[in-house]
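K.L.:
Before we start, here is the structure in question, set down as structure tokens.
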Amino acid sequence: MATTPHTVIIGAGPAGLTAAYALTKRNASVQVFEADDVVGGISRTVERDGWRFDIGGHRFFTKVSSVEALWHEILPDSDFLLRPRMSRIYYDGKLFDYPLKAGNALRNLGVFEAVLCVGSYAWARISPPKDQSHFEGWTSARFGKRLYTKFFKTYTEKLWGMPATELQAAWAAQRIKNLSLSSAVVNALMPKRNQKDITSLIEEFQYPKFGPGMMWERATEHVTKAGGTVTMRSWATAVHRAEDGGAVAVTVTDADGAHRHDADHVVSTMPLSQLVQIMDPPAPPEVLAAADALRYRDFLTIALVVPAEAGFPDNWIYVHTPGVRVGRIQNFGSWSPYLVRDGFTCLGLEYFVNEGDDLWEMADDDLIKLGTEELERLRLVTPGAVSIGYVVRMPKAYPVYDEGYEDAIGTIRGWLAEAVPNVYPVGRNGMHRYNNQDHSMLTAMLTAENILDGTTHDVWQVNVEEEYHEEKDSGSGNHGTGRSAPVLPKQPKGSRTTEPTR
């Protein structure tokens, strides 16, 4: 009688736990090792003193039916809330609908400024910017320089940490193709109920009542009940490979030392660069160089407790006001009343950073003070409204797509396929792709089938051919990374991406 293979899974985020769930559901032997003390990766729910924080905000909406079915297999329907979707842009003390709506924008801008914006748009149509190779030129040509400055420039530069003139136009064309001025006017005049052709226009979404981490905490319970193991605070420090090809074991280090675990297959959600760097024997120099070239954008949340009336109905607002460093603000009470306490809510101020920069290294008390000052400066709360604060840092939250990253990944993929074909990178960091939670899960589900059924699903095509975040494919064939992310200019070795000038 054939025995099922034993799989070691590195990482207990959505992709890792989905793989573990799919494998153990079919009685396969699984060990999961997670370096942190919380499951869920960036999709975790952080709990501090009874307050719960959703790191990054996770709307449970997908066009992948198998993923949605799995959500409801892991959690019962009673654990899901149906939540209204609302996001707005905060600029100059006013909240603008997102996507832009003509009537709302006109009222907030005022007649004089609206006329100037329309004039700027008209001028851009007559005399478009000569250089449209970058985000600023491309967007200004389609919205006018004035609207671009108000509704695109500041947040985009905060998110990616560099001037908009260094972001390529191809990303702008993909990311905001549905937000033309004409479509904004049409949507304002003839809105359709519960639009789902374009993800940014959905009106409602599912949400686990105690936050996204609830999904992964329950998945962990399912995995262990089915005979798998999930071990926390355990770092994968080596993937051992045989001379004739293939991985044979993983060494994991914890507080008690290093432990070697034999494996027939290895599923990796750790950063792709780190996976290459822990190979034993080492990968060839050109593969190590490719791994060393991959970079990441880090993230921190300053969660501030305020009276419930100081909140807002939005899940989050995008801060386009210059002069503050916060990029986006969540109201956790708008995600779920189970995340907050009666009479209070919690606002999560999100900062896009690089590990080691001034914000990342700042003491928690100083960050809480900074967040409080910025909330007050934006006039979103009155002085003294903040009663307590918390800080959550999330390293390697977003893979960076800089010049040459595709070549680097191609080098790594080619070598992994030849040297260790039984090692399967999945998920956002595992594949260095701009996957959302559902697509990360799908890569894991297909990988489990490859392991158990001998199928040959190409998980690198997930989030490329699927209809998803944007409109149906126009047939251009230029898919990029699927869910949109810009290719950033390559930074000199040893340098950090700097904050843009203001």
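Residue names in the structure tokens use chain letters A, B, ... in the order shown, residue numbers from 1 in each chain, and ligand numbers from 1 in the order shown.
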As a VMD selection string, please: the residues near Ala291 (chain A) (cut-off 10 Å, only C-alpha atoms, same-chain neighbours under 5 positions excluded).

P.N.:
chain A and resid 271 to 277 283 285 to 286 405 408 to 409 411 to 412

K.L.:
Restricting the output to N, CA, C and O atoms, write the selected residues as an mmCIF file, in the first residue's frame.

P.N.:
```cif
data_model
loop_
_atom_site.group_PDB
_atom_site.id
_atom_site.type_symbol
_atom_site.label_atom_id
_atom_site.label_comp_id
_atom_site.auth_asym_id
_atom_site.auth_seq_id
_atom_site.Cartn_x
_atom_site.Cartn_y
_atom_site.Cartn_z
ATOM 1 N N PRO A 271 10.138 34.499 2.360
ATOM 2 C CA PRO A 271 10.577 35.323 1.231
ATOM 3 C C PRO A 271 11.449 34.522 0.271
ATOM 4 O O PRO A 271 12.346 33.790 0.696
ATOM 5 N N LEU A 272 11.167 34.654 -1.011
ATOM 6 C CA LEU A 272 11.863 33.869 -2.032
ATOM 7 C C LEU A 272 13.368 34.038 -1.935
ATOM 8 O O LEU A 272 14.125 33.078 -2.118
ATOM 9 N N SER A 273 13.801 35.232 -1.615
ATOM 10 C CA SER A 273 15.241 35.476 -1.494
ATOM 11 C C SER A 273 15.838 34.641 -0.368
ATOM 12 O O SER A 273 16.933 34.068 -0.505
ATOM 13 N N GLN A 274 15.126 34.556 0.760
ATOM 14 C CA GLN A 274 15.648 33.791 1.891
ATOM 15 C C GLN A 274 15.652 32.298 1.607
ATOM 16 O O GLN A 274 16.550 31.579 2.072
ATOM 17 N N LEU A 275 14.654 31.825 0.869
ATOM 18 C CA LEU A 275 14.630 30.406 0.506
ATOM 19 C C LEU A 275 15.905 30.033 -0.238
ATOM 20 O O LEU A 275 16.535 29.000 0.048
ATOM 21 N N VAL A 276 16.296 30.851 -1.191
ATOM 22 C CA VAL A 276 17.526 30.580 -1.945
ATOM 23 C C VAL A 276 18.737 30.621 -1.016
ATOM 24 O O VAL A 276 19.647 29.778 -1.104
ATOM 25 N N GLN A 277 18.744 31.588 -0.113
ATOM 26 C CA GLN A 277 19.919 31.806 0.731
ATOM 27 C C GLN A 277 20.149 30.704 1.762
ATOM 28 O O GLN A 277 21.261 30.588 2.299
ATOM 29 N N ALA A 283 23.189 27.504 -3.366
ATOM 30 C CA ALA A 283 22.851 27.734 -4.772
ATOM 31 C C ALA A 283 24.059 28.336 -5.480
ATOM 32 O O ALA A 283 24.953 28.912 -4.836
ATOM 33 N N PRO A 285 26.439 30.955 -7.583
ATOM 34 C CA PRO A 285 26.604 32.403 -7.352
ATOM 35 C C PRO A 285 25.590 33.269 -8.085
ATOM 36 O O PRO A 285 25.083 34.243 -7.529
ATOM 37 N N GLU A 286 25.273 32.913 -9.337
ATOM 38 C CA GLU A 286 24.340 33.755 -10.088
ATOM 39 C C GLU A 286 22.922 33.690 -9.503
ATOM 40 O O GLU A 286 22.153 34.658 -9.571
ATOM 41 N N TYR A 405 13.706 42.838 -11.638
ATOM 42 C CA TYR A 405 13.214 41.822 -10.711
ATOM 43 C C TYR A 405 12.696 40.590 -11.449
ATOM 44 O O TYR A 405 12.833 39.458 -10.965
ATOM 45 N N ALA A 408 15.524 38.396 -12.244
ATOM 46 C CA ALA A 408 16.004 37.721 -11.024
ATOM 47 C C ALA A 408 15.104 36.544 -10.664
ATOM 48 O O ALA A 408 15.590 35.448 -10.350
ATOM 49 N N ILE A 409 13.800 36.762 -10.730
ATOM 50 C CA ILE A 409 12.873 35.672 -10.410
ATOM 51 C C ILE A 409 12.986 34.560 -11.436
ATOM 52 O O ILE A 409 12.932 33.366 -11.096
ATOM 53 N N THR A 411 15.630 33.668 -13.043
ATOM 54 C CA THR A 411 16.847 32.912 -12.714
ATOM 55 C C THR A 411 16.579 31.951 -11.558
ATOM 56 O O THR A 411 16.969 30.775 -11.599
ATOM 57 N N ILE A 412 15.909 32.455 -10.530
ATOM 58 C CA ILE A 412 15.625 31.631 -9.351
ATOM 59 C C ILE A 412 14.666 30.490 -9.696
ATOM 60 O O ILE A 412 14.892 29.327 -9.325
#
```

K.L.:
Need the shell around Ala444 (chain A): protein/DNA/RNA residues with any atom at most 7 Å away, counting only C-alpha atoms. Skip same-chain ones fewer than 2 positions apart. Format as a list in words?

P.N.:
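My list of contacting residues is Ala15, Gly16, Thr18, Ala19, Val426, Ser440, Met441, Leu442, Leu446, Thr447 and Ala448 of chain A.
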
K.L.:
Could you take the residues named above and write them with N, CA and C atoms, as a PDB file, in the first residue's frame?

P.N.:
```pdb
ATOM      1  N   ALA A  15      -1.160  31.161   2.633  1.00  0.00           N
ATOM      2  CA  ALA A  15      -0.726  30.141   1.678  1.00  0.00           C
ATOM      3  C   ALA A  15      -0.258  28.879   2.396  1.00  0.00           C
ATOM      4  N   GLY A  16       0.573  29.029   3.425  1.00  0.00           N
ATOM      5  CA  GLY A  16       1.095  27.868   4.128  1.00  0.00           C
ATOM      6  C   GLY A  16       0.011  27.048   4.792  1.00  0.00           C
ATOM      7  N   THR A  18      -3.219  27.097   4.056  1.00  0.00           N
ATOM      8  CA  THR A  18      -4.101  26.519   3.036  1.00  0.00           C
ATOM      9  C   THR A  18      -3.510  25.227   2.491  1.00  0.00           C
ATOM     10  N   ALA A  19      -2.195  25.236   2.222  1.00  0.00           N
ATOM     11  CA  ALA A  19      -1.544  24.011   1.761  1.00  0.00           C
ATOM     12  C   ALA A  19      -1.663  22.913   2.805  1.00  0.00           C
ATOM     13  N   VAL A 426       5.058  29.380  -2.739  1.00  0.00           N
ATOM     14  CA  VAL A 426       3.653  29.788  -2.866  1.00  0.00           C
ATOM     15  C   VAL A 426       3.449  31.092  -2.103  1.00  0.00           C
ATOM     16  N   SER A 440      -3.076  34.000  -3.103  1.00  0.00           N
ATOM     17  CA  SER A 440      -2.068  33.262  -2.348  1.00  0.00           C
ATOM     18  C   SER A 440      -2.607  31.886  -1.967  1.00  0.00           C
ATOM     19  N   MET A 441      -3.869  31.863  -1.539  1.00  0.00           N
ATOM     20  CA  MET A 441      -4.502  30.588  -1.192  1.00  0.00           C
ATOM     21  C   MET A 441      -4.589  29.671  -2.403  1.00  0.00           C
ATOM     22  N   LEU A 442      -4.933  30.237  -3.553  1.00  0.00           N
ATOM     23  CA  LEU A 442      -5.081  29.411  -4.750  1.00  0.00           C
ATOM     24  C   LEU A 442      -3.762  28.763  -5.152  1.00  0.00           C
ATOM     25  N   LEU A 446      -3.483  24.616  -5.498  1.00  0.00           N
ATOM     26  CA  LEU A 446      -3.004  23.940  -6.702  1.00  0.00           C
ATOM     27  C   LEU A 446      -1.724  23.159  -6.419  1.00  0.00           C
ATOM     28  N   THR A 447      -0.888  23.691  -5.552  1.00  0.00           N
ATOM     29  CA  THR A 447       0.343  22.977  -5.182  1.00  0.00           C
ATOM     30  C   THR A 447       0.015  21.679  -4.459  1.00  0.00           C
ATOM     31  N   ALA A 448      -0.979  21.698  -3.589  1.00  0.00           N
ATOM     32  CA  ALA A 448      -1.381  20.467  -2.893  1.00  0.00           C
ATOM     33  C   ALA A 448      -1.818  19.404  -3.901  1.00  0.00           C
TER      34      ALA A 448
END
```

K.L.:
Excluding Gly410 (chain A) and any residue of its chain fewer than 5 positions from it, enumerate the residues within 10 Å of it, using only C-alpha atoms, and give them as a list in words.

P.N.:
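Listed by chain and then number, they are Val287, Ala290, Gly404, Tyr405, Trp415 and Leu416 of chain A.
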
K.L.:
Can you spit out the residues from that selection as a JSON list (two decimals), in the first residue's frame, using all heavy atoms?

P.N.:
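What landed in out-v3.json:
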```
[["chain", "number", "residue", "atom", "x", "y", "z"],
["A", 287, "VAL", "N", 22.57, 32.55, -8.90],
["A", 287, "VAL", "CA", 21.25, 32.43, -8.27],
["A", 287, "VAL", "C", 21.23, 33.19, -6.95],
["A", 287, "VAL", "O", 20.24, 33.88, -6.62],
["A", 287, "VAL", "CB", 20.89, 30.95, -8.06],
["A", 287, "VAL", "CG1", 19.52, 30.82, -7.40],
["A", 287, "VAL", "CG2", 20.91, 30.21, -9.40],
["A", 290, "ALA", "N", 20.84, 36.77, -7.75],
["A", 290, "ALA", "CA", 19.46, 37.09, -8.09],
["A", 290, "ALA", "C", 18.62, 37.23, -6.82],
["A", 290, "ALA", "O", 17.78, 38.14, -6.70],
["A", 290, "ALA", "CB", 18.88, 36.01, -9.00],
["A", 404, "GLY", "N", 14.56, 44.83, -13.32],
["A", 404, "GLY", "CA", 15.34, 43.60, -13.30],
["A", 404, "GLY", "C", 14.79, 42.53, -12.39],
["A", 404, "GLY", "O", 15.33, 41.41, -12.37],
["A", 405, "TYR", "N", 13.71, 42.84, -11.64],
["A", 405, "TYR", "CA", 13.21, 41.82, -10.71],
["A", 405, "TYR", "C", 12.70, 40.59, -11.45],
["A", 405, "TYR", "O", 12.83, 39.46, -10.96],
["A", 405, "TYR", "CB", 12.13, 42.40, -9.79],
["A", 405, "TYR", "CG", 10.72, 42.27, -10.31],
["A", 405, "TYR", "CD1", 9.90, 41.23, -9.90],
["A", 405, "TYR", "CD2", 10.21, 43.19, -11.22],
["A", 405, "TYR", "CE1", 8.61, 41.10, -10.38],
["A", 405, "TYR", "CE2", 8.92, 43.08, -11.70],
["A", 405, "TYR", "CZ", 8.12, 42.03, -11.28],
["A", 405, "TYR", "OH", 6.85, 41.92, -11.77],
["A", 415, "TRP", "N", 16.40, 27.70, -11.67],
["A", 415, "TRP", "CA", 17.30, 26.87, -10.87],
["A", 415, "TRP", "C", 16.51, 25.96, -9.91],
["A", 415, "TRP", "O", 16.83, 24.78, -9.77],
["A", 415, "TRP", "CB", 18.27, 27.74, -10.08],
["A", 415, "TRP", "CG", 19.21, 26.91, -9.26],
["A", 415, "TRP", "CD1", 20.31, 26.23, -9.70],
["A", 415, "TRP", "CD2", 19.09, 26.62, -7.86],
["A", 415, "TRP", "NE1", 20.89, 25.54, -8.66],
["A", 415, "TRP", "CE2", 20.17, 25.76, -7.52],
["A", 415, "TRP", "CE3", 18.20, 27.01, -6.87],
["A", 415, "TRP", "CZ2", 20.36, 25.30, -6.22],
["A", 415, "TRP", "CZ3", 18.40, 26.55, -5.57],
["A", 415, "TRP", "CH2", 19.47, 25.69, -5.26],
["A", 416, "LEU", "N", 15.46, 26.51, -9.26],
["A", 416, "LEU", "CA", 14.66, 25.69, -8.34],
["A", 416, "LEU", "C", 14.03, 24.51, -9.08],
["A", 416, "LEU", "O", 14.02, 23.39, -8.57],
["A", 416, "LEU", "CB", 13.56, 26.54, -7.70],
["A", 416, "LEU", "CG", 13.98, 27.59, -6.66],
["A", 416, "LEU", "CD1", 12.78, 28.42, -6.24],
["A", 416, "LEU", "CD2", 14.62, 26.93, -5.44]]
```

K.L.:
Using only C-alpha atoms, find each residue in region 375-404 of chain A having at least one atom no more than 12 Å away from region 49-63 of chain A; report its shortest atom-to-atom pair and that distance in Å (one decimal), rows by chain then rising number, as CSV.

P.N.:
```
residue,atom,partner,partner_atom,distance
A:Ile388,CA,A:Asp49,CA,10.5
A:Gly389,CA,A:Trp51,CA,10.3
A:Tyr390,CA,A:Trp51,CA,9.6
A:Val391,CA,A:Phe53,CA,10.2
A:Val392,CA,A:Ile55,CA,8.2
A:Arg393,CA,A:Ile55,CA,9.3
A:Met394,CA,A:Ile55,CA,8.3
A:Pro395,CA,A:Ile55,CA,11.8
A:Ala397,CA,A:Gly56,CA,9.1
A:Tyr398,CA,A:Gly56,CA,10.7
```

K.L.:
From a backbone DSSP assignment, name each residue in region 373-435 of chain A labelled alpha helix (DSSP H), as a list of chain:residue names.

P.N.:
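Checking each residue of region 373-435 of chain A, the alpha helix (DSSP H) ones are A:Glu373, A:Glu374, A:Leu375, A:Glu376, A:Arg377, A:Tyr405, A:Glu406, A:Asp407, A:Ala408, A:Ile409, A:Gly410, A:Thr411, A:Ile412, A:Arg413, A:Gly414, A:Trp415, A:Leu416, A:Ala417, A:Glu418, A:Ala419, A:Arg428, A:Asn429, A:Gly430, A:Met431.
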
K.L.:
Would you put the residues from that selection into a file with C-alpha atoms, as a JSON list (two decimals), in the first residue's frame?

P.N.:
```json
[["chain", "number", "residue", "atom", "x", "y", "z"],
["A", 373, "GLU", "CA", -0.27, 64.59, 16.38],
["A", 374, "GLU", "CA", -1.00, 63.68, 12.75],
["A", 375, "LEU", "CA", -4.62, 62.73, 13.53],
["A", 376, "GLU", "CA", -5.07, 66.07, 15.27],
["A", 377, "ARG", "CA", -3.32, 67.98, 12.48],
["A", 405, "TYR", "CA", 13.21, 41.82, -10.71],
["A", 406, "GLU", "CA", 11.56, 39.65, -13.37],
["A", 407, "ASP", "CA", 14.97, 38.50, -14.61],
["A", 408, "ALA", "CA", 16.00, 37.72, -11.02],
["A", 409, "ILE", "CA", 12.87, 35.67, -10.41],
["A", 410, "GLY", "CA", 13.33, 33.90, -13.73],
["A", 411, "THR", "CA", 16.85, 32.91, -12.71],
["A", 412, "ILE", "CA", 15.63, 31.63, -9.35],
["A", 413, "ARG", "CA", 12.63, 29.78, -10.80],
["A", 414, "GLY", "CA", 14.76, 28.05, -13.41],
["A", 415, "TRP", "CA", 17.30, 26.87, -10.87],
["A", 416, "LEU", "CA", 14.66, 25.69, -8.34],
["A", 417, "ALA", "CA", 12.85, 23.70, -11.04],
["A", 418, "GLU", "CA", 16.06, 21.93, -12.00],
["A", 419, "ALA", "CA", 17.82, 21.52, -8.64],
["A", 428, "ARG", "CA", 2.97, 36.64, -1.84],
["A", 429, "ASN", "CA", 6.47, 36.63, -0.37],
["A", 430, "GLY", "CA", 7.08, 33.03, -1.29],
["A", 431, "MET", "CA", 6.78, 33.91, -4.97]]
```

K.L.:
Extract, using only C-alpha atoms, all DNA, RNA and protein residues at most 8 Å from Phe135 (chain A), discarding same-chain residues fewer than 3 positions from it, and format them as an mmCIF file with all heavy atoms, in the first residue's frame.

P.N.:
```
data_model
loop_
_atom_site.group_PDB
_atom_site.id
_atom_site.type_symbol
_atom_site.label_atom_id
_atom_site.label_comp_id
_atom_site.auth_asym_id
_atom_site.auth_seq_id
_atom_site.Cartn_x
_atom_site.Cartn_y
_atom_site.Cartn_z
ATOM 1 N N GLN A 132 5.289 60.869 -21.052
ATOM 2 C CA GLN A 132 4.270 60.067 -20.383
ATOM 3 C C GLN A 132 4.794 58.672 -20.054
ATOM 4 O O GLN A 132 4.017 57.724 -19.873
ATOM 5 C CB GLN A 132 3.019 59.968 -21.255
ATOM 6 C CG GLN A 132 2.334 61.315 -21.484
ATOM 7 C CD GLN A 132 1.048 61.178 -22.269
ATOM 8 O OE1 GLN A 132 0.293 60.206 -22.111
ATOM 9 N NE2 GLN A 132 0.770 62.166 -23.123
ATOM 10 N N TRP A 138 1.829 60.219 -17.255
ATOM 11 C CA TRP A 138 0.696 59.443 -17.771
ATOM 12 C C TRP A 138 -0.600 59.875 -17.104
ATOM 13 O O TRP A 138 -1.626 60.092 -17.761
ATOM 14 C CB TRP A 138 0.943 57.956 -17.533
ATOM 15 C CG TRP A 138 -0.046 57.036 -18.193
ATOM 16 C CD1 TRP A 138 0.073 56.425 -19.400
ATOM 17 C CD2 TRP A 138 -1.321 56.629 -17.666
ATOM 18 N NE1 TRP A 138 -1.034 55.650 -19.669
ATOM 19 C CE2 TRP A 138 -1.911 55.762 -18.624
ATOM 20 C CE3 TRP A 138 -2.023 56.906 -16.498
ATOM 21 C CZ2 TRP A 138 -3.153 55.171 -18.446
ATOM 22 C CZ3 TRP A 138 -3.282 56.321 -16.312
ATOM 23 C CH2 TRP A 138 -3.821 55.462 -17.272
ATOM 24 N N THR A 139 -0.587 60.014 -15.772
ATOM 25 C CA THR A 139 -1.798 60.357 -15.040
ATOM 26 C C THR A 139 -2.216 61.800 -15.295
ATOM 27 O O THR A 139 -3.404 62.098 -15.461
ATOM 28 C CB THR A 139 -1.598 60.119 -13.531
ATOM 29 O OG1 THR A 139 -1.057 58.802 -13.326
ATOM 30 C CG2 THR A 139 -2.904 60.235 -12.776
ATOM 31 N N ALA A 164 6.924 60.205 -7.940
ATOM 32 C CA ALA A 164 6.054 59.586 -8.943
ATOM 33 C C ALA A 164 6.681 59.597 -10.329
ATOM 34 O O ALA A 164 6.282 58.814 -11.192
ATOM 35 C CB ALA A 164 4.704 60.305 -8.977
ATOM 36 N N THR A 165 7.651 60.479 -10.554
ATOM 37 C CA THR A 165 8.332 60.506 -11.852
ATOM 38 C C THR A 165 9.250 59.309 -12.046
ATOM 39 O O THR A 165 9.767 59.091 -13.143
ATOM 40 C CB THR A 165 9.160 61.796 -11.985
ATOM 41 O OG1 THR A 165 9.998 61.941 -10.839
ATOM 42 C CG2 THR A 165 8.251 63.017 -12.108
ATOM 43 N N GLU A 166 9.446 58.498 -10.976
ATOM 44 C CA GLU A 166 10.288 57.312 -11.085
ATOM 45 C C GLU A 166 9.469 56.024 -11.175
ATOM 46 O O GLU A 166 10.037 54.935 -11.243
ATOM 47 C CB GLU A 166 11.260 57.240 -9.905
ATOM 48 C CG GLU A 166 12.262 58.392 -9.880
ATOM 49 C CD GLU A 166 13.290 58.259 -8.775
ATOM 50 O OE1 GLU A 166 13.375 57.165 -8.173
ATOM 51 O OE2 GLU A 166 13.996 59.233 -8.497
ATOM 52 N N LEU A 167 8.138 56.149 -11.169
ATOM 53 C CA LEU A 167 7.270 54.988 -11.328
ATOM 54 C C LEU A 167 6.826 54.910 -12.777
ATOM 55 O O LEU A 167 6.411 55.909 -13.366
ATOM 56 C CB LEU A 167 6.039 55.110 -10.422
ATOM 57 C CG LEU A 167 6.312 55.216 -8.926
ATOM 58 C CD1 LEU A 167 5.023 55.498 -8.183
ATOM 59 C CD2 LEU A 167 6.957 53.957 -8.408
ATOM 60 N N GLN A 168 6.881 53.717 -13.363
ATOM 61 C CA GLN A 168 6.639 53.617 -14.800
ATOM 62 C C GLN A 168 5.165 53.729 -15.150
ATOM 63 O O GLN A 168 4.279 53.379 -14.362
ATOM 64 C CB GLN A 168 7.245 52.320 -15.359
ATOM 65 C CG GLN A 168 6.353 51.107 -15.375
ATOM 66 C CD GLN A 168 6.149 50.508 -14.002
ATOM 67 O OE1 GLN A 168 6.599 51.048 -13.013
ATOM 68 N NE2 GLN A 168 5.456 49.387 -13.949
ATOM 69 N N ALA A 169 4.901 54.214 -16.351
ATOM 70 C CA ALA A 169 3.531 54.460 -16.802
ATOM 71 C C ALA A 169 2.740 53.169 -16.979
ATOM 72 O O ALA A 169 1.519 53.164 -16.844
ATOM 73 C CB ALA A 169 3.549 55.237 -18.117
ATOM 74 N N TRP A 171 2.418 50.667 -15.093
ATOM 75 C CA TRP A 171 1.662 50.371 -13.876
ATOM 76 C C TRP A 171 0.459 51.293 -13.751
ATOM 77 O O TRP A 171 -0.636 50.873 -13.409
ATOM 78 C CB TRP A 171 2.547 50.510 -12.650
ATOM 79 C CG TRP A 171 1.782 50.366 -11.371
ATOM 80 C CD1 TRP A 171 1.174 49.242 -10.897
ATOM 81 C CD2 TRP A 171 1.533 51.394 -10.410
ATOM 82 N NE1 TRP A 171 0.568 49.504 -9.691
ATOM 83 C CE2 TRP A 171 0.774 50.814 -9.367
ATOM 84 C CE3 TRP A 171 1.890 52.737 -10.311
ATOM 85 C CZ2 TRP A 171 0.358 51.538 -8.258
ATOM 86 C CZ3 TRP A 171 1.477 53.457 -9.215
ATOM 87 C CH2 TRP A 171 0.715 52.863 -8.196
ATOM 88 N N ALA A 172 0.645 52.571 -14.034
ATOM 89 C CA ALA A 172 -0.465 53.516 -13.952
ATOM 90 C C ALA A 172 -1.589 53.090 -14.886
ATOM 91 O O ALA A 172 -2.767 53.104 -14.517
ATOM 92 C CB ALA A 172 0.015 54.922 -14.310
#
```

K.L.:
Using only C-alpha atoms, determine which residues lie at most 6 Å from region 239-246 of chain A, disregarding the query and same-chain residues fewer than 2 positions distant; provide the list as a PyMOL selection string.

P.N.:
chain A and resi 248-250+279-280+419-422

K.L.:
Save out the residues we just selected, N, CA, C and O atoms, as a compact mmCIF listing (two decimals), in the first residue's frame.

P.N.:
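Full text of out_12.txt as output:
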```
# COMPACT_ATOMS: atom_id res chain seq x y z
N VAL A 248 15.62 17.06 0.56
CA VAL A 248 15.42 15.85 1.36
C VAL A 248 15.09 16.15 2.82
O VAL A 248 14.61 15.28 3.54
N ALA A 249 15.34 17.38 3.26
CA ALA A 249 15.10 17.72 4.67
C ALA A 249 15.13 19.22 4.85
O ALA A 249 15.65 19.96 4.01
N VAL A 250 14.58 19.65 5.98
CA VAL A 250 14.61 21.07 6.37
C VAL A 250 15.12 21.12 7.81
O VAL A 250 14.64 20.38 8.67
N MET A 279 19.67 27.40 1.10
CA MET A 279 19.88 26.10 0.45
C MET A 279 21.21 25.49 0.87
O MET A 279 22.22 26.18 1.01
N ASP A 280 21.22 24.17 1.06
CA ASP A 280 22.41 23.43 1.46
C ASP A 280 22.49 22.13 0.65
O ASP A 280 21.63 21.27 0.80
N ALA A 419 17.05 22.06 -9.78
CA ALA A 419 17.82 21.52 -8.64
C ALA A 419 16.94 20.93 -7.55
O ALA A 419 17.30 19.93 -6.93
N VAL A 420 15.77 21.56 -7.29
CA VAL A 420 14.90 21.09 -6.21
C VAL A 420 13.44 21.14 -6.68
O VAL A 420 12.64 21.95 -6.20
N PRO A 421 13.07 20.28 -7.62
CA PRO A 421 11.70 20.33 -8.17
C PRO A 421 10.62 20.00 -7.15
O PRO A 421 9.43 20.26 -7.41
N ASN A 422 10.99 19.46 -6.00
CA ASN A 422 10.01 19.17 -4.96
C ASN A 422 9.94 20.29 -3.90
O ASN A 422 9.41 20.08 -2.82
```
